[in-house]
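A.B. asks: Got a file for you: my_file.txt, compact mmCIF, C-alpha atoms and all ligand atoms.
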```
# COMPACT_ATOMS: atom_id res chain seq x y z
CA MET M 1 -2.03 21.50 -1.22
CA VAL M 2 1.38 19.89 -1.76
CA ILE M 3 2.50 17.77 1.12
CA THR M 4 6.11 18.95 0.93
CA ASP M 5 4.84 22.52 1.44
CA MET M 6 2.92 21.35 4.45
CA LYS M 7 6.02 19.65 5.81
CA GLU M 8 8.00 22.88 5.37
CA GLU M 9 5.25 24.70 7.19
CA TYR M 10 5.65 22.23 10.03
CA GLY M 11 9.42 22.75 9.97
CA ILE M 12 10.30 19.22 8.91
CA ILE M 13 13.56 18.88 7.02
CA GLU M 14 13.46 16.43 4.15
CA ASP M 15 16.64 14.93 2.82
CA ARG M 16 15.44 11.61 1.45
CA GLU M 17 14.63 11.21 -2.22
CA PRO M 18 11.00 11.22 -3.30
CA ILE M 19 9.85 7.76 -4.33
CA LEU M 20 6.34 8.86 -5.33
CA ILE M 21 5.29 12.23 -6.74
CA ILE M 22 1.66 12.82 -7.63
CA SER M 23 0.58 16.09 -9.16
CA GLY M 24 -2.79 17.35 -10.36
CA LEU M 25 -4.39 13.92 -10.08
CA HIS M 26 -8.04 13.52 -11.06
CA LYS M 27 -10.16 10.41 -11.36
CA ARG M 28 -13.63 10.49 -12.82
CA TYR M 29 -15.57 7.23 -12.98
CA SER M 30 -18.04 6.91 -15.91
CA GLU M 31 -16.47 10.00 -17.39
CA GLY M 32 -18.84 12.21 -19.39
CA LYS M 33 -21.89 10.16 -18.44
CA SER M 34 -24.81 11.25 -16.29
CA ASN M 35 -23.56 9.00 -13.47
CA GLU M 36 -20.03 10.45 -13.50
CA VAL M 37 -18.30 10.40 -10.11
CA HIS M 38 -15.38 12.77 -9.60
CA ALA M 39 -13.57 10.62 -7.03
CA ILE M 40 -10.13 12.31 -6.99
CA ARG M 41 -10.24 16.06 -7.43
CA GLY M 42 -6.82 17.54 -8.05
CA LEU M 43 -4.54 15.78 -5.59
CA ASP M 44 -0.85 16.46 -5.02
CA LEU M 45 1.31 14.26 -2.83
CA THR M 46 5.00 13.51 -2.41
CA VAL M 47 6.14 10.43 -0.51
CA ARG M 48 9.82 9.95 0.27
CA LYS M 49 11.78 6.74 0.29
CA GLY M 50 11.41 5.11 3.67
CA ASP M 51 8.21 6.93 4.62
CA MET M 52 5.58 4.94 6.42
CA MET M 53 2.43 6.87 5.73
CA ALA M 54 -1.22 6.39 6.65
CA ILE M 55 -4.18 7.68 4.70
CA MET M 56 -7.38 8.28 6.63
CA GLY M 57 -10.72 9.76 5.70
CA PRO M 58 -14.45 9.09 5.62
CA SER M 59 -15.93 6.27 3.55
CA GLY M 60 -16.20 7.28 -0.10
CA CYS M 61 -13.61 10.08 0.07
CA GLY M 62 -11.40 8.36 -2.52
CA LYS M 63 -8.79 6.41 -0.55
CA THR M 64 -9.08 3.14 -2.48
CA THR M 65 -9.30 5.07 -5.73
CA LEU M 66 -6.06 6.84 -4.87
CA LEU M 67 -4.32 3.55 -4.07
CA ASN M 68 -5.60 2.09 -7.34
CA MET M 69 -4.12 5.09 -9.18
CA ILE M 70 -0.76 4.74 -7.40
CA GLY M 71 -0.75 0.99 -8.04
CA HIS M 72 -1.82 1.53 -11.64
CA LEU M 73 -4.69 -0.91 -11.32
CA ASP M 74 -6.96 1.65 -12.97
CA ARG M 75 -6.44 4.59 -15.32
CA ARG M 76 -6.36 8.12 -14.04
CA SER M 77 -8.35 10.85 -15.79
CA GLU M 78 -5.69 13.57 -15.45
CA GLY M 79 -2.43 14.20 -13.68
CA LYS M 80 1.07 12.94 -13.30
CA ILE M 81 2.45 10.06 -11.23
CA ILE M 82 6.18 9.48 -10.87
CA ILE M 83 7.35 6.35 -9.05
CA ASP M 84 11.04 5.67 -8.48
CA ASN M 85 11.89 8.37 -11.06
CA ILE M 86 9.64 6.82 -13.71
CA ASP M 87 6.88 8.94 -15.22
CA THR M 88 4.30 6.20 -15.53
CA SER M 89 2.30 7.88 -18.27
CA ARG M 90 5.17 7.06 -20.59
CA LEU M 91 5.06 3.31 -20.00
CA SER M 92 3.60 1.04 -22.68
CA ASP M 93 1.00 -1.51 -21.55
CA GLY M 94 3.63 -4.27 -21.67
CA LYS M 95 6.12 -2.28 -19.60
CA MET M 96 3.34 -1.32 -17.18
CA THR M 97 2.78 -4.97 -16.29
CA SER M 98 6.40 -5.54 -15.30
CA PHE M 99 6.57 -2.11 -13.65
CA ARG M 100 3.61 -3.01 -11.45
CA ARG M 101 5.07 -6.41 -10.66
CA ASP M 102 8.53 -5.08 -9.73
CA LYS M 103 7.77 -1.73 -8.11
CA ILE M 104 4.51 -2.16 -6.24
CA GLY M 105 3.48 -4.55 -3.50
CA PHE M 106 -0.25 -4.76 -2.87
CA ILE M 107 -2.10 -5.82 0.24
CA PHE M 108 -5.78 -5.33 -0.32
CA GLN M 109 -8.91 -5.92 1.72
CA LEU M 110 -9.70 -9.01 -0.32
CA PHE M 111 -6.39 -10.74 -0.27
CA ASN M 112 -6.57 -12.05 -3.84
CA LEU M 113 -4.57 -15.15 -3.04
CA PHE M 114 -4.40 -17.87 -5.66
CA PRO M 115 -6.89 -20.43 -4.31
CA PHE M 116 -5.16 -23.50 -5.76
CA LEU M 117 -1.70 -22.58 -4.50
CA SER M 118 -0.43 -23.25 -0.99
CA ALA M 119 0.70 -20.43 1.29
CA VAL M 120 4.35 -20.85 0.35
CA GLU M 121 3.51 -21.11 -3.35
CA ASN M 122 1.48 -17.90 -3.17
CA VAL M 123 4.40 -16.09 -1.58
CA GLU M 124 7.08 -17.41 -3.92
CA THR M 125 5.11 -16.67 -7.12
CA PRO M 126 6.25 -13.03 -7.49
CA LEU M 127 9.88 -14.19 -7.21
CA LEU M 128 9.39 -16.92 -9.82
CA LEU M 129 7.79 -14.34 -12.15
CA LYS M 130 10.93 -12.26 -11.75
CA GLY M 131 13.04 -15.22 -12.87
CA ILE M 132 14.49 -16.17 -9.47
CA LYS M 133 15.45 -19.85 -9.18
CA ALA M 134 12.77 -22.09 -7.69
CA GLY M 135 14.90 -23.33 -4.77
CA VAL M 136 15.93 -19.81 -3.73
CA ALA M 137 12.40 -18.48 -4.10
CA ARG M 138 11.04 -21.31 -1.95
CA GLU M 139 13.59 -20.67 0.82
CA GLN M 140 12.87 -16.92 0.89
CA ALA M 141 9.12 -17.51 0.94
CA LYS M 142 9.46 -20.00 3.81
CA MET M 143 11.66 -17.62 5.79
CA LEU M 144 9.25 -14.74 5.48
CA LEU M 145 6.22 -16.87 6.35
CA ARG M 146 8.01 -18.23 9.40
CA GLU M 147 8.73 -14.67 10.51
CA LEU M 148 5.02 -14.01 10.29
CA GLY M 149 4.25 -16.98 12.50
CA MET M 150 3.07 -19.11 9.60
CA GLY M 151 5.78 -21.78 9.79
CA ASP M 152 3.27 -24.53 10.52
CA ARG M 153 0.90 -23.52 7.71
CA LEU M 154 3.31 -23.37 4.76
CA TYR M 155 1.53 -25.99 2.67
CA HIS M 156 -2.07 -25.09 3.45
CA LEU M 157 -4.36 -23.72 0.75
CA PRO M 158 -5.96 -20.30 1.39
CA SER M 159 -9.32 -22.03 1.99
CA GLU M 160 -7.69 -24.00 4.81
CA LEU M 161 -6.47 -20.84 6.56
CA SER M 162 -8.23 -18.38 8.84
CA GLY M 163 -8.82 -14.81 7.61
CA GLY M 164 -5.90 -13.52 9.63
CA GLN M 165 -3.61 -16.25 8.33
CA GLN M 166 -4.63 -15.51 4.74
CA GLN M 167 -3.86 -11.89 5.43
CA ARG M 168 -0.38 -12.77 6.62
CA VAL M 169 0.20 -14.70 3.41
CA ALA M 170 -0.91 -11.62 1.46
CA VAL M 171 1.47 -9.47 3.51
CA ALA M 172 4.35 -11.87 2.82
CA ARG M 173 3.56 -11.92 -0.88
CA ALA M 174 3.67 -8.12 -1.05
CA LEU M 175 6.93 -7.90 0.90
CA ILE M 176 8.87 -10.62 -0.83
CA THR M 177 9.99 -8.71 -3.94
CA ASP M 178 11.25 -5.72 -1.96
CA PRO M 179 9.10 -3.31 -4.02
CA ALA M 180 9.58 0.48 -4.24
CA ILE M 181 6.25 0.98 -2.49
CA ILE M 182 3.90 -1.25 -0.57
CA LEU M 183 0.26 -0.23 -0.78
CA GLY M 184 -2.15 -1.52 1.82
CA ASP M 185 -5.90 -0.99 1.84
CA GLU M 186 -6.92 -1.81 5.41
CA PRO M 187 -4.01 -4.27 5.54
CA THR M 188 -4.86 -5.31 9.07
CA GLY M 189 -8.61 -4.98 8.64
CA ASP M 190 -9.58 -8.55 9.45
CA LEU M 191 -6.92 -9.28 12.03
CA ASP M 192 -7.36 -9.47 15.76
CA SER M 193 -5.52 -6.86 17.74
CA THR M 194 -2.54 -9.10 18.59
CA THR M 195 -1.98 -10.08 14.97
CA SER M 196 -2.52 -6.46 13.84
CA THR M 197 0.17 -5.40 16.27
CA ASP M 198 2.50 -8.10 14.91
CA VAL M 199 1.85 -7.04 11.31
CA MET M 200 2.44 -3.38 12.15
CA LYS M 201 5.68 -4.32 13.94
CA LEU M 202 6.77 -6.28 10.89
CA PHE M 203 5.94 -3.32 8.61
CA ARG M 204 7.99 -1.07 10.87
CA ARG M 205 10.91 -3.46 10.94
CA ILE M 206 10.99 -3.79 7.17
CA ASN M 207 10.57 -0.04 6.91
CA GLN M 208 13.58 0.52 9.17
CA ILE M 209 15.86 -2.20 7.85
CA ASN M 210 15.19 -1.84 4.12
CA GLN M 211 13.95 1.76 4.03
CA GLN M 212 10.79 0.22 2.64
CA THR M 213 8.14 2.79 1.76
CA LEU M 214 4.62 1.94 2.92
CA VAL M 215 1.34 3.69 2.15
CA LEU M 216 -1.47 2.29 4.28
CA VAL M 217 -5.15 3.17 4.14
CA THR M 218 -6.87 2.63 7.44
CA HIS M 219 -9.94 3.60 9.41
CA ASN M 220 -8.13 2.63 12.57
CA ARG M 221 -6.50 5.49 14.43
CA TRP M 222 -4.13 3.17 16.32
CA ILE M 223 -2.83 1.67 13.06
CA ALA M 224 -2.43 5.16 11.58
CA GLU M 225 -0.47 6.25 14.63
CA GLN M 226 2.08 3.50 14.06
CA CYS M 227 3.06 5.39 10.88
CA ASP M 228 5.36 8.40 10.52
CA TYR M 229 2.56 10.71 9.45
CA ILE M 230 -1.11 10.71 8.55
CA VAL M 231 -2.59 12.22 5.42
CA HIS M 232 -6.28 13.03 5.81
CA MET M 233 -8.53 12.99 2.76
CA THR M 234 -11.94 14.53 2.28
CA ASP M 235 -13.95 14.61 -0.90
CA GLY M 236 -11.20 13.47 -3.26
CA LYS M 237 -8.52 15.78 -1.89
CA ILE M 238 -5.99 15.98 0.92
CA SER M 239 -7.47 18.09 3.68
CA HIS M 240 -4.65 18.06 6.20
CA PHE M 241 -1.63 16.28 7.45
CA GLU M 242 -0.47 15.13 10.88
CA GLN M 243 3.16 14.52 11.65
CA GLY M 244 4.19 11.80 14.13
CA PRO M 245 5.65 10.28 16.11
CA PHE M 246 2.38 9.56 17.86
CA ASN M 247 2.12 7.99 21.34
CA LYS M 248 5.84 7.55 21.57
CA GLU M 249 5.76 5.80 24.93
CA GLU M 250 3.22 3.26 23.75
CA ASN M 251 5.25 2.59 20.59
CA ALA M 252 8.33 1.89 22.65
CA LYS M 253 6.63 -1.02 24.44
N1 LIG Q 301 -15.84 1.59 -10.13
C1 LIG Q 301 -16.49 2.68 -9.73
N2 LIG Q 301 -17.42 3.27 -10.51
C2 LIG Q 301 -18.08 4.39 -10.11
N3 LIG Q 301 -17.86 5.01 -8.94
C3 LIG Q 301 -16.96 4.47 -8.11
C4 LIG Q 301 -16.22 3.28 -8.46
N4 LIG Q 301 -15.39 2.98 -7.44
C5 LIG Q 301 -15.59 3.93 -6.50
N5 LIG Q 301 -16.53 4.83 -6.90
C6 LIG Q 301 -16.98 6.02 -6.17
O1 LIG Q 301 -15.85 6.86 -5.96
C7 LIG Q 301 -15.87 7.43 -4.66
C8 LIG Q 301 -14.57 7.05 -3.93
O2 LIG Q 301 -14.61 5.64 -3.68
P1 LIG Q 301 -13.44 4.88 -2.91
O3 LIG Q 301 -13.69 3.45 -3.04
O4 LIG Q 301 -12.15 5.40 -3.40
O5 LIG Q 301 -13.69 5.39 -1.42
P2 LIG Q 301 -12.90 5.01 -0.07
O6 LIG Q 301 -12.39 6.30 0.51
O7 LIG Q 301 -11.94 3.94 -0.33
O8 LIG Q 301 -14.09 4.49 0.86
P3 LIG Q 301 -14.10 3.29 1.97
O9 LIG Q 301 -13.48 3.89 3.20
O10 LIG Q 301 -15.56 3.04 2.15
O11 LIG Q 301 -13.37 2.12 1.43
C9 LIG Q 301 -17.13 6.91 -3.99
O12 LIG Q 301 -18.12 7.91 -4.09
C10 LIG Q 301 -17.50 5.69 -4.78
O13 LIG Q 301 -18.89 5.49 -4.80
MG MG Q 302 -11.81 1.88 0.27
```
Can you present the structure in this file as C-alpha cells?
C.D. replies:
Amino acid sequence: MVITDMKEEYGIIEDREPILIISGLHKRYSEGKSNEVHAIRGLDLTVRKGDMMAIMGPSGCGKTTLLNMIGHLDRRSEGKIIIDNIDTSRLSDGKMTSFRRDKIGFIFQLFNLFPFLSAVENVETPLLLKGIKAGVAREQAKMLLRELGMGDRLYHLPSELSGGQQQRVAVARALITDPAIILGDEPTGDLDSTTSTDVMKLFRRINQINQQTLVLVTHNRWIAEQCDYIVHMTDGKISHFEQGPFNKEENAK
C-alpha cells in the first residue's frame, strides 16, 4: 500500500515536496541460500519534507532493515529509493559516500561515537568532513551541545559520559549538518523519561524551524505519538498508518 494513497483516503491534503520515495522495496539477507530471510517484502512509502514520522512494529518485522536501506548502509535486493530527487541506484560508490554524509543523519541504538574524540570533536567531525573551517565547526558544535544540556561535558570522551549523555552527542552529530533526513533507531532508547522528553522537544523544534524531516523507529508509543504520524510495519511490509496529532493537550504542556 502506498502511504500517499492512505493519506488521501484519510482526507489529508499534501502540498509539501516528497523528500523520500520508496517503491517496490525488497531486502533478502543471504539471498539464494537455504538461510535466506526475506526481511522487506515489497514496501512503498513516501515521506514529505518536514514530516516527523514514527515507525512501529513487532521485533523482527524489518524496521532496522528499512532504516539501513534508506540510509544506504546496506544494499537492497530490489526496488527504488529516491532521496531529495536523487535516484540512489544511479550513484557510484564514491558518490554514495558523500551522498550519505551530506543527506542522511543517523542516530542508532549503538551510538557509534569515535571513542578517542571528545564530545565536541565528535559533533564537529561531519562539518570538518564537509570542508567547513575548524573554528566555525567548533562554535556550531559547542552551540548545539549546549542546547542539549551538554555545555559542561564538551571535552569529555564518550567513555567518560553516561549512556544518555553519549546519546545526546549522537543526536547533535546527526543534526549538525542539516541533512535531508534524520534516521533514528530507538533514538531515545537508553534515555530516562526527562531526557527523552527533551530530545523529542529538540527534534520537534528542529523539525519546525528547519522543516527537518525525521524518521524514527521506536517501540515506545509515547515517543511515536510525538510525531506527525505513525507507520506500522508487520512482516516486512507496512500494515497501516495512523495520522496525528496525538494527545494534543499533553503535547501542548
Ligand atoms: N544481517 C542479517 N542477516 C540475516 N538476517 C537478518 C540480518 N539482519 C536482520 N535479519 C533478519 O531480518 C528480519 C528483520 O530484522 P530487523 O533487524 O530489521 O528487525 P526490527 O524490526 O528492527 O526488530 P527489532 O525491533 O527487534 O529491532 C529479522 O527476521 C532478522 O532476524
Ligand atoms: Mg531494530
A.B. asks: Tell me which protein, DNA and RNA residues are within 6 Å of Arg48 in chain M, counting all atoms listed in the file, leaving out same-chain ones fewer than 5 positions away, and put them as a list of chain:residue names.
C.D. replies: M:Arg16, M:Glu17, M:Pro18, M:Ile19
A.B. asks: Those selected residues, please, written with C-alpha atoms and delivered as an mmCIF file, in the frame of the given file.
C.D. replies:
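Saved result, out_32.cif, follows:
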```cif
data_model
loop_
_atom_site.group_PDB
_atom_site.id
_atom_site.type_symbol
_atom_site.label_atom_id
_atom_site.label_comp_id
_atom_site.auth_asym_id
_atom_site.auth_seq_id
_atom_site.Cartn_x
_atom_site.Cartn_y
_atom_site.Cartn_z
ATOM 1 C CA ARG M 16 15.440 11.610 1.450
ATOM 2 C CA GLU M 17 14.630 11.210 -2.220
ATOM 3 C CA PRO M 18 11.000 11.220 -3.300
ATOM 4 C CA ILE M 19 9.850 7.760 -4.330
#
```
A.B. asks: Using 10 Å as the limit and counting all atoms listed in the file, can you tabulate each residue of chain M that touches ligand LIG 301 (chain Q), with its shortest atom-to-atom distance in Å and the two atoms involved, as CSV?
C.D. replies:
```
residue,atom,partner,partner_atom,distance
M:Lys27,CA,Q:LIG301,O1,8.6
M:Arg28,CA,Q:LIG301,N3,7.9
M:Tyr29,CA,Q:LIG301,C2,4.8
M:Ser30,CA,Q:LIG301,C2,6.3
M:Glu31,CA,Q:LIG301,C2,9.3
M:Asn35,CA,Q:LIG301,C2,7.9
M:Glu36,CA,Q:LIG301,C2,7.2
M:Val37,CA,Q:LIG301,N3,5.5
M:His38,CA,Q:LIG301,O1,7.0
M:Ala39,CA,Q:LIG301,O1,4.5
M:Ile40,CA,Q:LIG301,C8,7.5
M:Ile55,CA,Q:LIG301,O6,9.3
M:Met56,CA,Q:LIG301,O6,8.2
M:Gly57,CA,Q:LIG301,O6,6.5
M:Pro58,CA,Q:LIG301,O9,5.8
M:Ser59,CA,Q:LIG301,O9,3.4
M:Gly60,CA,Q:LIG301,O5,3.4
M:Cys61,CA,Q:LIG301,O6,4.0
M:Gly62,CA,Q:LIG301,O4,3.2
M:Lys63,CA,Q:LIG301,O6,3.8
M:Thr64,CA,Q:LIG301,O7,3.7
M:Thr65,CA,Q:LIG301,O4,3.7
M:Leu66,CA,Q:LIG301,O4,6.4
M:Leu67,CA,Q:LIG301,O4,8.1
M:Asn68,CA,Q:LIG301,O4,8.3
M:Met69,CA,Q:LIG301,O4,9.9
M:Asp74,CA,Q:LIG301,N1,9.3
M:Gln109,CA,Q:LIG301,O11,9.2
M:Asp185,CA,Q:LIG301,O7,8.1
M:Glu186,CA,Q:LIG301,O11,8.5
M:Val217,CA,Q:LIG301,O7,8.2
M:Thr218,CA,Q:LIG301,O9,8.0
M:His219,CA,Q:LIG301,O9,7.2
M:Met233,CA,Q:LIG301,O6,8.0
M:Thr234,CA,Q:LIG301,O6,8.4
M:Asp235,CA,Q:LIG301,C8,8.2
M:Gly236,CA,Q:LIG301,C8,7.3
```
A.B. asks: M:Leu117, M:Ile22, M:Ala172, M:Leu128: which is nearest Leu144 in chain M, counting all atoms listed in the file?
C.D. replies: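 Looking only at the distances to Leu144 in chain M, the closest residue turns out to be M:Ala172.
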A.B. asks: So what do you get for CA of Gln165 in chain M versus CA of Ile206 in chain M, distance-wise?
C.D. replies: 19.2 Å
A.B. asks: What separation in Å, quoted to one decimal, exists between CA of Gly131 in chain M and CA of Ile83 in chain M?
C.D. replies: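 Computed distance, CA of Gly131 in chain M to CA of Ile83 in chain M, equals 22.6 Å.
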A.B. asks: Give the answer as one residue: which of M:Asn85, M:Leu216, M:Lys95, M:Met200 has the shortest atom-to-atom distance to ligand MG 302 (chain Q), using all atoms listed in the file?
C.D. replies: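 Smallest separation from ligand MG 302 (chain Q) among the options: M:Leu216.
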A.B. asks: Could you please determine the separation between CA of Thr194 in chain M and CA of Asn220 in chain M in Å, to one decimal place?
C.D. replies: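 Calculated distance between CA of Thr194 in chain M and CA of Asn220 in chain M is 14.3 Å.
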A.B. asks: I want to know what sits within 6 Å of range 118-121 of chain M, based on all atoms listed in the file, with residues of the same chain fewer than 4 positions away left out; could you give that as a list in words?
C.D. replies: Ala141, Leu154, Tyr155, His156 and Leu157 of chain M
A.B. asks: Just checking: using only C-alpha atoms, which residue out of M:Cys227, M:His26, M:Val215, M:Pro126 ends up closest to Ile182 in chain M?
C.D. replies: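 That would be M:Val215, the residue with the smallest distance to Ile182 in chain M.
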A.B. asks: Could you pull the residues within 10 Å of Ser98 in chain M, counting only C-alpha atoms, minus those fewer than 5 positions along the same chain, as a PyMOL selection string?
C.D. replies: chain M and resi 93+103-104+129-130
A.B. asks: Write out as a PyMOL selection string the residues lying within 9 Å of Pro115 in chain M, counting only C-alpha atoms and excluding same-chain residues fewer than 5 positions away.
C.D. replies: chain M and resi 122+157-159
A.B. asks: Just checking: using all atoms listed in the file, which residue out of M:Gly105, M:Gly184, M:Gly151, M:Gly244 ends up closest to ligand MG 302 (chain Q)?
C.D. replies: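 Nearest to ligand MG 302 (chain Q): M:Gly184.
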A.B. asks: Between M:Glu139, M:Asp15, M:Pro187, M:Glu78, which one has atoms that come closest to ligand MG 302 (chain Q), using only C-alpha atoms and all ligand atoms?
C.D. replies: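 Distance minimum relative to ligand MG 302 (chain Q) lands on M:Pro187.
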